[in-house]
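Presented below is the structure to which this report refers.
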Amino acid sequence: MLLDTPVRLGVQIEPQHATYPQIREAAARLEDLGVDILFNWDHFFPLHGDPDGPHFESWTMLAAWAEQTERVEFGALVNCNSYRNADLQADMARTIDHISARGGDTGRFIFGTGSGWFERDYDEYGYEFGTAGSRLTALGQDLDRVVSRWGKLNPPPTRRIPIMIGGAGEQKTLRFVARHADIWHSFVPAEGLAHKISVIENWAETEGRDLSGLIVSNELKNRGESDADALFDAGTRLFTLGWAPGSPDYDVVTRWLRWRDGKNAV
């Protein structure tokens, strides 16, 4: 049985085609509006629009958000495992976790991660692209290293940092979800979720892990409320919304916040 937690809304602030002051203002205003989680993405070039337009790096931005924000959780949707040594990722995550605690007891960082796919990033920054299979194998190995390193750091993270894994591949990715994830994120339509969840549950039996705390996450962009209702009925409790800070539409965020509150009021 998956975790039936209150619905949360996460907004993915696209780190492209905007100035950093626009991104900073967006993060502040979205937190004030009541968004639960802020995300960015981990790429080096825009994913749409002008391919050579303005773009900012993920992890340094997340550290700034850790200091800027007070309430929201935040992270990358998702980190690319290939771009940084696994032990370094763990240390960066722990440090951002402590920054975000802001003198309190508990940090707010979510470690969202995936195997990587955007070939231009690899080519221009000098990483070996390999194959989808080799990148996934590396993700599985490196997740084990990340968790192990968290247990060795001094000071340790302020909490068990939630792990969010993105992807829907049944042979590797969903096994990693079963082994490590607190949140599973995908773009799988509502009618396909039951099958994917059954695959995760089968892998959890193999891994010997209790999945009662797993949160299912899915994307809202280009979907309507009927789609969101169907995703909710299929078990989704975290909804993400891709959002452009260079041309901000706060009305769409407000509409989805009302939908979230309506679900939680039932």
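For the structure tokens, the naming scheme is as follows: chains receive sequential letters (A, B, ...) according to their order of presentation, residues are indexed from 1 within each chain, and ligands are indexed from 1 in presentation order.
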
> Excluding same-chain residues fewer than 4 positions from A:Ala181, what lies within 6 Å of it counting only C-alpha atoms, as a list of chain:residue names?
Replying inline: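 Listing them by chain and then by number gives A:Ile163, A:Met164, A:Val177.
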
>> as a PyMOL selection string, please: the residues near A:Asp210 (cut-off 10 Å, only C-alpha atoms, same-chain neighbours under 3 positions excluded).
In response: chain A and resi 1-2+178-179+201+204-205+207+213-214

Only N, CA, C and O atoms, please: the residues just picked out, written as a compact mmCIF listing (two decimals), in the first residue's frame.
```
# COMPACT_ATOMS: atom_id res chain seq x y z
N MET A 1 0.85 -1.19 0.00
CA MET A 1 0.00 0.00 0.00
C MET A 1 0.88 1.24 0.00
O MET A 1 1.76 1.38 0.85
N LEU A 2 0.68 2.14 -0.96
CA LEU A 2 1.45 3.36 -1.04
C LEU A 2 0.94 4.39 -0.03
O LEU A 2 -0.18 4.29 0.47
N ALA A 178 12.40 1.01 -6.03
CA ALA A 178 12.05 0.08 -4.96
C ALA A 178 13.14 0.01 -3.89
O ALA A 178 12.85 -0.16 -2.70
N ARG A 179 14.39 0.17 -4.30
CA ARG A 179 15.51 0.05 -3.35
C ARG A 179 15.72 1.31 -2.54
O ARG A 179 16.03 1.26 -1.34
N GLU A 201 6.33 -2.66 -6.78
CA GLU A 201 6.02 -3.54 -5.65
C GLU A 201 6.71 -4.89 -5.79
O GLU A 201 7.21 -5.45 -4.80
N ALA A 204 10.24 -4.38 -4.93
CA ALA A 204 10.39 -4.17 -3.49
C ALA A 204 10.44 -5.50 -2.74
O ALA A 204 11.17 -5.63 -1.75
N GLU A 205 9.70 -6.49 -3.22
CA GLU A 205 9.78 -7.82 -2.60
C GLU A 205 11.18 -8.39 -2.77
O GLU A 205 11.75 -8.97 -1.84
N GLU A 207 13.91 -6.66 -3.19
CA GLU A 207 14.84 -5.84 -2.42
C GLU A 207 14.60 -5.94 -0.91
O GLU A 207 15.40 -5.45 -0.12
N GLY A 213 5.84 3.94 2.52
CA GLY A 213 6.12 5.36 2.56
C GLY A 213 6.38 5.99 1.21
O GLY A 213 6.72 7.18 1.15
N LEU A 214 6.22 5.25 0.11
CA LEU A 214 6.54 5.79 -1.21
C LEU A 214 5.47 6.76 -1.69
O LEU A 214 4.28 6.45 -1.67
```

>> Neighbouring residues of A:Ala228 were defined as those with any atom within 12 Å, considering only C-alpha atoms; residues of the same chain fewer than 6 positions away were excluded. Please report them as JSON, numbers by chain.
In response: {"A": [7, 9, 187, 189, 190, 191, 217, 218, 219, 220, 221, 222, 234, 235, 236, 237, 238, 239, 240, 241, 256, 259, 260, 263]}

> What is the atom CA of A:Pro157 to atom CA of A:Leu88 distance in Å?
Replying inline: 13.9 Å

> With only C-alpha atoms as the atoms that count, which of A:Glu14, A:Asp233, A:Asp4, A:Glu225 lies nearest to A:Leu193?
Replying inline: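 The shortest atom-to-atom distance to A:Leu193 comes from A:Asp233.
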
>> I'd like to know which residues of stretch 133-258 of chain A are alpha helix (DSSP H) (by DSSP, run on the backbone); could you write them as JSON, numbers by chain?
In response: {"A": [133, 134, 135, 136, 137, 138, 139, 140, 141, 142, 143, 144, 145, 146, 147, 148, 149, 150, 173, 174, 175, 176, 177, 178, 179, 180, 190, 191, 192, 193, 194, 195, 196, 197, 198, 199, 200, 201, 202, 203, 204, 205, 206, 207, 225, 226, 227, 228, 229, 230, 231, 232, 233, 250, 251, 252, 253, 254, 255, 256, 257, 258]}

>> Please list as a PyMOL selection string every residue within 9 Å of A:Arg102, counting only C-alpha atoms and excluding residues in the same chain fewer than 4 positions away.
In response: chain A and resi 66-67+70+98+106-107

>> With only C-alpha atoms as the counted atoms, please give the residues lying no more than 7 Å from A:His17, apart from itself and same-chain residues fewer than 2 positions off, as a PyMOL selection string.
In response: chain A and resi 53-55+246

> Got a sec to tell me which of stretch 32-213 of chain A DSSP assigns to strand (DSSP E or B), as a ChimeraX atom specification?
Replying inline: /A:37-40,55,73-76,79-80,109-114,163-166,183-186

> What lies within 7 Å of A:Asn79 using only C-alpha atoms, ignoring chain neighbours under 2 positions off, as a PyMOL selection string?
Replying inline: chain A and resi 41-42+76-77+81+112-114

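Here atom CA of A:Asn40 is placed at a distance of 29.1 Å from atom CA of A:Ser198.
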
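Taking atom CA of A:Lys152 as the reference point, atom CA of A:Ala93 is found at 13.4 Å.
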